[in-house]
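Everything below concerns the one structure shown next.
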Amino acid sequence: MTAKQINAGILGTGYYLPEKILSNSDLEKIVDTSDEWITERTGIKERRIAANDVATSDLALKAAEMALKDAKVSPDELDLIIVATLTSDRIIPSTACIIQDLLGAKRAAAFDLSAACSGFAYGITVASQFIQCGAYRKALVIGAETLSKYINWEDRNTCVLFGDGAGAAVLGQVEDGYGILSFDLGSDGSGGDAIQIPSSGSRMPVSNESIEKRLNLIHMNGKEVFKFAVKAMGNTVKHSLEKIGMKQEEINWLVPHQANIRIIQSAAKRLAMPMEKVIVNIQKYGNMSAACIPIALAEAAAEKRFKKGDIIALSGFGAGLTWASCIIRWSKED
Ligand code: UT7
């Protein structure tokens, strides 16, 4: 007889955004762009920017504290901390270890997860496996970024898109039939050049020359990523649904990665979902990579938009290239 699988679900969520707002009209003063172009082509109106002395862990800690409070879980109950980020405080130590120390989560294992904008859905999936098999009881998954530190403020193709923020979820055991019902993770490394920071690691260590050429900042082939994203975001949700024999119409809420409103609309169309069922906050925060999905999830939860039993689909795509989705039956009471 095999042991009964434990249901892993979200016990609490939290988020944090830096106070400083950078609007489209502020950007008009920096590069050759317009509020009209940014709004029409991306849906973004403003984004948050962390202060110079603020690092990813500072945002992550605040989101984590809110999620723990919401879940009524204390740091010493945590068995695992995963931080999904591409803007860790340093290459070593991991940002997850910094959070482990700041929270005083004495029993927790901790590591960072690198899957760019798909990172939070990857992280939820990884953490849920430990809970489902009974190895761990409580896990904290954070998506946190300070992308503003890697923006080329002279490149209008990228500087208008990104922002800073952090979102978090505490995972643990939930009732039968609730929690994370299915997931789909994928990658296509052949598209790796489409979004990259060329001079950031062992291939091309940061040097005076690479800084002069701005190779230490985000480079993106927007069109290529766009074409990939419109397919990937809907398809990954379909794959997650297929695994459990669930139909698109059963989804109550889509919580997508917030890279471009046109990508979100096209994913919703592929899934035959009206936009009223799609959580959108891109107009306020822009693309915050791994932080987008957990912030959208936590903000919607704080606004009491989800009811117990709702089916929620998380869907992300990003650098790697990567994609990821999870189907969740919401287990929290209003
Ligand atoms: O998180 C995952 C990573 N990122 C993404 O998912 C991004 C995916 N891609 C996109 O969202 C879109 O491709 C962008 C928003 C990046 C660009 O939108 P687009 O509709 O694909 O524009 P485009 O790159 O085809 O550029 C159209 C025109 C170009 O001018 P020309 O060559 O037609 O004269 C650009 O130079 O728009 C110009 N342009 C701008 N104009 C004003 C590009 N950026 C700007 C700007 N302001 N900020």
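Chains: A, B, ... in order of the structure tokens. Residues: from 1 per chain. Ligands: from 1, in order shown.
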
Near Leu59 in chain A, within 8 Å and counting only C-alpha atoms, which residues show up once chain neighbours fewer than 5 positions away are dropped, as a PDB file with N, CA and C atoms, in the first residue's frame?
```pdb
ATOM      1  N   TYR A  16       5.045  43.375  -1.148  1.00  0.00           N
ATOM      2  CA  TYR A  16       5.608  44.677  -0.779  1.00  0.00           C
ATOM      3  C   TYR A  16       6.152  45.373  -2.026  1.00  0.00           C
ATOM      4  N   LEU A  17       5.899  46.672  -2.080  1.00  0.00           N
ATOM      5  CA  LEU A  17       6.394  47.476  -3.206  1.00  0.00           C
ATOM      6  C   LEU A  17       7.127  48.694  -2.680  1.00  0.00           C
ATOM      7  N   PRO A  18       8.254  49.049  -3.303  1.00  0.00           N
ATOM      8  CA  PRO A  18       8.926  50.276  -2.860  1.00  0.00           C
ATOM      9  C   PRO A  18       8.039  51.491  -3.133  1.00  0.00           C
ATOM     10  N   VAL A  54      18.473  50.018  -1.198  1.00  0.00           N
ATOM     11  CA  VAL A  54      17.536  48.909  -0.946  1.00  0.00           C
ATOM     12  C   VAL A  54      17.868  47.746  -1.874  1.00  0.00           C
ATOM     13  N   ALA A 144      10.999  37.904  -5.790  1.00  0.00           N
ATOM     14  CA  ALA A 144      11.413  39.272  -5.442  1.00  0.00           C
ATOM     15  C   ALA A 144      12.453  39.783  -6.434  1.00  0.00           C
ATOM     16  N   GLU A 145      12.323  41.041  -6.810  1.00  0.00           N
ATOM     17  CA  GLU A 145      13.262  41.601  -7.793  1.00  0.00           C
ATOM     18  C   GLU A 145      13.527  43.083  -7.545  1.00  0.00           C
ATOM     19  N   GLY A 165       9.738  44.919  -6.869  1.00  0.00           N
ATOM     20  CA  GLY A 165       8.707  44.506  -5.905  1.00  0.00           C
ATOM     21  C   GLY A 165       8.964  43.093  -5.414  1.00  0.00           C
ATOM     22  N   ALA A 166       8.128  42.651  -4.474  1.00  0.00           N
ATOM     23  CA  ALA A 166       8.256  41.290  -3.934  1.00  0.00           C
ATOM     24  C   ALA A 166       6.891  40.757  -3.517  1.00  0.00           C
TER      25      ALA A 166
END
```

Handout entry: All residues having an atom within 7 Å of ligand 1 (only C-alpha atoms and all ligand atoms) as a ChimeraX atom specification
Key = /A:32-34,37-38,41-42,117,156-158,160,195,222-223,225-226,229,259-260,287,289,317-319

Handout entry: Nearest-residue call for Asp164 in chain A, choices A:His257, A:Arg203, A:Lys62, A:Lys20, using only C-alpha atoms
Key = A:Lys20

Exercise for the section: Provide the CA of Ser148 in chain A to CA of Phe162 in chain A distance in Å, to one decimal place. Expected result: 6.9 Å

What lies within 6 Å of Gly167 in chain A using only C-alpha atoms, ignoring chain neighbours under 5 positions off, as a tab-separated table (two decimals) with N, CA, C and O atoms, in the first residue's frame?
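This went into out22.tsv:
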```tsv
chain	number	residue	atom	x	y	z
A	14	GLY	N	1.60	37.50	0.84
A	14	GLY	CA	2.00	38.86	1.21
A	14	GLY	C	2.73	39.53	0.06
A	14	GLY	O	3.17	38.85	-0.87
A	15	TYR	N	2.82	40.83	0.11
A	15	TYR	CA	3.55	41.53	-0.95
A	15	TYR	C	4.07	42.86	-0.43
A	15	TYR	O	3.59	43.39	0.58
A	63	ALA	N	7.57	41.25	2.26
A	63	ALA	CA	6.52	40.39	1.66
A	63	ALA	C	6.39	39.10	2.48
A	63	ALA	O	5.27	38.62	2.75
A	142	ILE	N	9.13	32.93	-2.19
A	142	ILE	CA	9.13	34.38	-2.45
A	142	ILE	C	9.56	34.62	-3.89
A	142	ILE	O	10.46	33.95	-4.40
A	143	GLY	N	8.91	35.57	-4.54
A	143	GLY	CA	9.39	36.08	-5.83
A	143	GLY	C	9.74	37.54	-5.61
A	143	GLY	O	8.87	38.32	-5.22
A	291	ALA	N	8.50	38.52	-9.33
A	291	ALA	CA	7.61	39.11	-8.32
A	291	ALA	C	6.19	39.35	-8.85
A	291	ALA	O	5.26	39.55	-8.06
A	294	PRO	N	3.32	36.48	-7.67
A	294	PRO	CA	2.95	36.49	-6.25
A	294	PRO	C	2.34	37.82	-5.80
A	294	PRO	O	1.48	37.82	-4.90
A	295	ILE	N	2.77	38.92	-6.40
A	295	ILE	CA	2.16	40.20	-6.00
A	295	ILE	C	0.70	40.25	-6.48
A	295	ILE	O	-0.20	40.62	-5.73
```

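Of the residues listed (A:Ile312, A:Ala324, A:Ile91, A:Val230), A:Ile312 shows the shortest atom-to-atom separation from Glu249 in chain A; distances use only C-alpha atoms.
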
Problem - Pick from A:Lys304, A:Val83, A:Lys149, A:Gly316, whichever lies nearest to Ser187 in chain A using only C-alpha atoms - result: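 For Ser187 in chain A, the nearest of the candidates is A:Gly316.
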
Practice task
Please provide as a PyMOL selection string all residues within 12 Å of Lys45 in chain A, with the sequence filter that same-chain residues fewer than 2 positions apart are discarded (counting only C-alpha atoms).
Solution key: chain A and resi 21-28+34-43+47-48+160-163+260-261+281-287

Problem - range 38-212 of chain A: residues DSSP assigns to helix (DSSP H, G or I), reported as number ranges by chain - result: A: 38-42, 56-71, 75-77, 95-103, 116-132, 147-150, 156-159, 189-194, 208-212

Exercise for the section: Within range 43-159 of chain A, find each residue whose DSSP state, derived from the backbone, is strand (DSSP E), and express the selection as a PyMOL selection string. Expected result: chain A and resi 46-48+80-84+109-113+139-146

Go ahead and save the picked residues with N, CA, C and O atoms, as a JSON list (two decimals), in the first residue's frame.
```
[["chain", "number", "residue", "atom", "x", "y", "z"],
["A", 46, "GLU", "N", 2.76, 53.15, -14.75],
["A", 46, "GLU", "CA", 3.82, 53.50, -13.80],
["A", 46, "GLU", "C", 4.43, 52.23, -13.22],
["A", 46, "GLU", "O", 3.90, 51.14, -13.39],
["A", 47, "ARG", "N", 5.58, 52.40, -12.57],
["A", 47, "ARG", "CA", 6.26, 51.26, -11.94],
["A", 47, "ARG", "C", 6.94, 51.76, -10.68],
["A", 47, "ARG", "O", 7.12, 52.96, -10.49],
["A", 48, "ARG", "N", 7.32, 50.82, -9.78],
["A", 48, "ARG", "CA", 7.98, 51.20, -8.52],
["A", 48, "ARG", "C", 9.49, 50.97, -8.66],
["A", 48, "ARG", "O", 9.92, 49.99, -9.27],
["A", 80, "LEU", "N", 11.47, 25.20, 4.82],
["A", 80, "LEU", "CA", 12.09, 25.50, 3.54],
["A", 80, "LEU", "C", 11.78, 26.95, 3.13],
["A", 80, "LEU", "O", 10.66, 27.41, 3.31],
["A", 81, "ILE", "N", 12.80, 27.62, 2.59],
["A", 81, "ILE", "CA", 12.61, 28.96, 2.03],
["A", 81, "ILE", "C", 13.20, 28.95, 0.62],
["A", 81, "ILE", "O", 14.37, 28.61, 0.43],
["A", 82, "ILE", "N", 12.36, 29.30, -0.35],
["A", 82, "ILE", "CA", 12.84, 29.42, -1.73],
["A", 82, "ILE", "C", 12.64, 30.87, -2.17],
["A", 82, "ILE", "O", 11.54, 31.41, -2.01],
["A", 83, "VAL", "N", 13.69, 31.49, -2.67],
["A", 83, "VAL", "CA", 13.53, 32.83, -3.25],
["A", 83, "VAL", "C", 13.77, 32.74, -4.75],
["A", 83, "VAL", "O", 14.87, 32.39, -5.19],
["A", 84, "ALA", "N", 12.72, 33.00, -5.52],
["A", 84, "ALA", "CA", 12.85, 33.06, -6.97],
["A", 84, "ALA", "C", 13.25, 34.48, -7.33],
["A", 84, "ALA", "O", 12.51, 35.42, -7.04],
["A", 109, "ALA", "N", 15.74, 24.96, 5.46],
["A", 109, "ALA", "CA", 16.68, 24.90, 4.34],
["A", 109, "ALA", "C", 16.37, 26.11, 3.45],
["A", 109, "ALA", "O", 15.23, 26.59, 3.44],
["A", 110, "ALA", "N", 17.36, 26.61, 2.74],
["A", 110, "ALA", "CA", 17.11, 27.82, 1.94],
["A", 110, "ALA", "C", 17.94, 27.81, 0.68],
["A", 110, "ALA", "O", 19.13, 27.50, 0.71],
["A", 111, "PHE", "N", 17.28, 28.15, -0.43],
["A", 111, "PHE", "CA", 18.03, 28.31, -1.69],
["A", 111, "PHE", "C", 17.30, 29.25, -2.64],
["A", 111, "PHE", "O", 16.08, 29.43, -2.53],
["A", 112, "ASP", "N", 18.07, 29.84, -3.56],
["A", 112, "ASP", "CA", 17.48, 30.68, -4.61],
["A", 112, "ASP", "C", 17.16, 29.81, -5.81],
["A", 112, "ASP", "O", 17.81, 28.79, -6.04],
["A", 113, "LEU", "N", 16.17, 30.26, -6.56],
["A", 113, "LEU", "CA", 15.75, 29.50, -7.74],
["A", 113, "LEU", "C", 15.81, 30.44, -8.95],
["A", 113, "LEU", "O", 15.28, 31.56, -8.90],
["A", 139, "ALA", "N", 6.51, 25.70, 4.01],
["A", 139, "ALA", "CA", 7.52, 26.30, 3.12],
["A", 139, "ALA", "C", 7.13, 27.73, 2.79],
["A", 139, "ALA", "O", 5.93, 28.07, 2.72],
["A", 140, "LEU", "N", 8.15, 28.55, 2.61],
["A", 140, "LEU", "CA", 7.93, 29.95, 2.21],
["A", 140, "LEU", "C", 8.53, 30.12, 0.82],
["A", 140, "LEU", "O", 9.70, 29.80, 0.61],
["A", 141, "VAL", "N", 7.69, 30.59, -0.11],
["A", 141, "VAL", "CA", 8.18, 30.83, -1.48],
["A", 141, "VAL", "C", 8.03, 32.32, -1.77],
["A", 141, "VAL", "O", 6.93, 32.88, -1.62],
["A", 142, "ILE", "N", 9.13, 32.93, -2.19],
["A", 142, "ILE", "CA", 9.13, 34.38, -2.45],
["A", 142, "ILE", "C", 9.56, 34.62, -3.89],
["A", 142, "ILE", "O", 10.46, 33.95, -4.40],
["A", 143, "GLY", "N", 8.91, 35.57, -4.54],
["A", 143, "GLY", "CA", 9.39, 36.08, -5.83],
["A", 143, "GLY", "C", 9.74, 37.54, -5.61],
["A", 143, "GLY", "O", 8.87, 38.32, -5.22],
["A", 144, "ALA", "N", 11.00, 37.90, -5.79],
["A", 144, "ALA", "CA", 11.41, 39.27, -5.44],
["A", 144, "ALA", "C", 12.45, 39.78, -6.43],
["A", 144, "ALA", "O", 13.35, 39.02, -6.84],
["A", 145, "GLU", "N", 12.32, 41.04, -6.81],
["A", 145, "GLU", "CA", 13.26, 41.60, -7.79],
["A", 145, "GLU", "C", 13.53, 43.08, -7.55],
["A", 145, "GLU", "O", 12.62, 43.83, -7.14],
["A", 146, "THR", "N", 14.76, 43.47, -7.84],
["A", 146, "THR", "CA", 15.10, 44.89, -7.99],
["A", 146, "THR", "C", 15.68, 45.06, -9.40],
["A", 146, "THR", "O", 16.87, 45.29, -9.58]]
```

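Residues in contact range of Asp76 in chain A, defined as at most 9 Å between only C-alpha atoms, with sequence neighbours fewer than 2 positions away removed, read A:Val73, A:Ser74, A:Leu78, A:Asp79, A:Leu103, A:Gly104, A:Ala105, A:Lys106, A:Arg107, A:Ala108.
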
Would you save the residues of that selection, restricted to N, CA and C atoms, as a PDB file, in the first residue's frame?
```pdb
ATOM      1  N   VAL A  73       1.653  31.534  10.599  1.00  0.00           N
ATOM      2  CA  VAL A  73       2.779  30.604  10.722  1.00  0.00           C
ATOM      3  C   VAL A  73       3.962  31.401  11.254  1.00  0.00           C
ATOM      4  N   SER A  74       4.686  30.834  12.223  1.00  0.00           N
ATOM      5  CA  SER A  74       5.852  31.555  12.748  1.00  0.00           C
ATOM      6  C   SER A  74       7.111  31.085  12.015  1.00  0.00           C
ATOM      7  N   LEU A  78       9.068  27.098   9.730  1.00  0.00           N
ATOM      8  CA  LEU A  78       9.416  26.909   8.310  1.00  0.00           C
ATOM      9  C   LEU A  78      10.492  25.834   8.144  1.00  0.00           C
ATOM     10  N   ASP A  79      10.230  24.920   7.193  1.00  0.00           N
ATOM     11  CA  ASP A  79      11.213  23.886   6.852  1.00  0.00           C
ATOM     12  C   ASP A  79      12.031  24.287   5.630  1.00  0.00           C
ATOM     13  N   LEU A 103      14.619  36.399   9.214  1.00  0.00           N
ATOM     14  CA  LEU A 103      13.372  35.917   9.829  1.00  0.00           C
ATOM     15  C   LEU A 103      13.652  35.134  11.112  1.00  0.00           C
ATOM     16  N   GLY A 104      14.862  34.612  11.237  1.00  0.00           N
ATOM     17  CA  GLY A 104      15.163  33.714  12.356  1.00  0.00           C
ATOM     18  C   GLY A 104      14.498  32.363  12.156  1.00  0.00           C
ATOM     19  N   ALA A 105      14.467  31.920  10.891  1.00  0.00           N
ATOM     20  CA  ALA A 105      13.837  30.628  10.558  1.00  0.00           C
ATOM     21  C   ALA A 105      14.876  29.529  10.745  1.00  0.00           C
ATOM     22  N   LYS A 106      15.105  29.194  12.012  1.00  0.00           N
ATOM     23  CA  LYS A 106      16.262  28.368  12.384  1.00  0.00           C
ATOM     24  C   LYS A 106      16.278  26.977  11.767  1.00  0.00           C
ATOM     25  N   ARG A 107      15.074  26.417  11.480  1.00  0.00           N
ATOM     26  CA  ARG A 107      15.019  25.039  10.980  1.00  0.00           C
ATOM     27  C   ARG A 107      15.015  24.946   9.463  1.00  0.00           C
ATOM     28  N   ALA A 108      14.975  26.101   8.781  1.00  0.00           N
ATOM     29  CA  ALA A 108      14.690  26.063   7.339  1.00  0.00           C
ATOM     30  C   ALA A 108      15.911  25.820   6.471  1.00  0.00           C
TER      31      ALA A 108
END
```
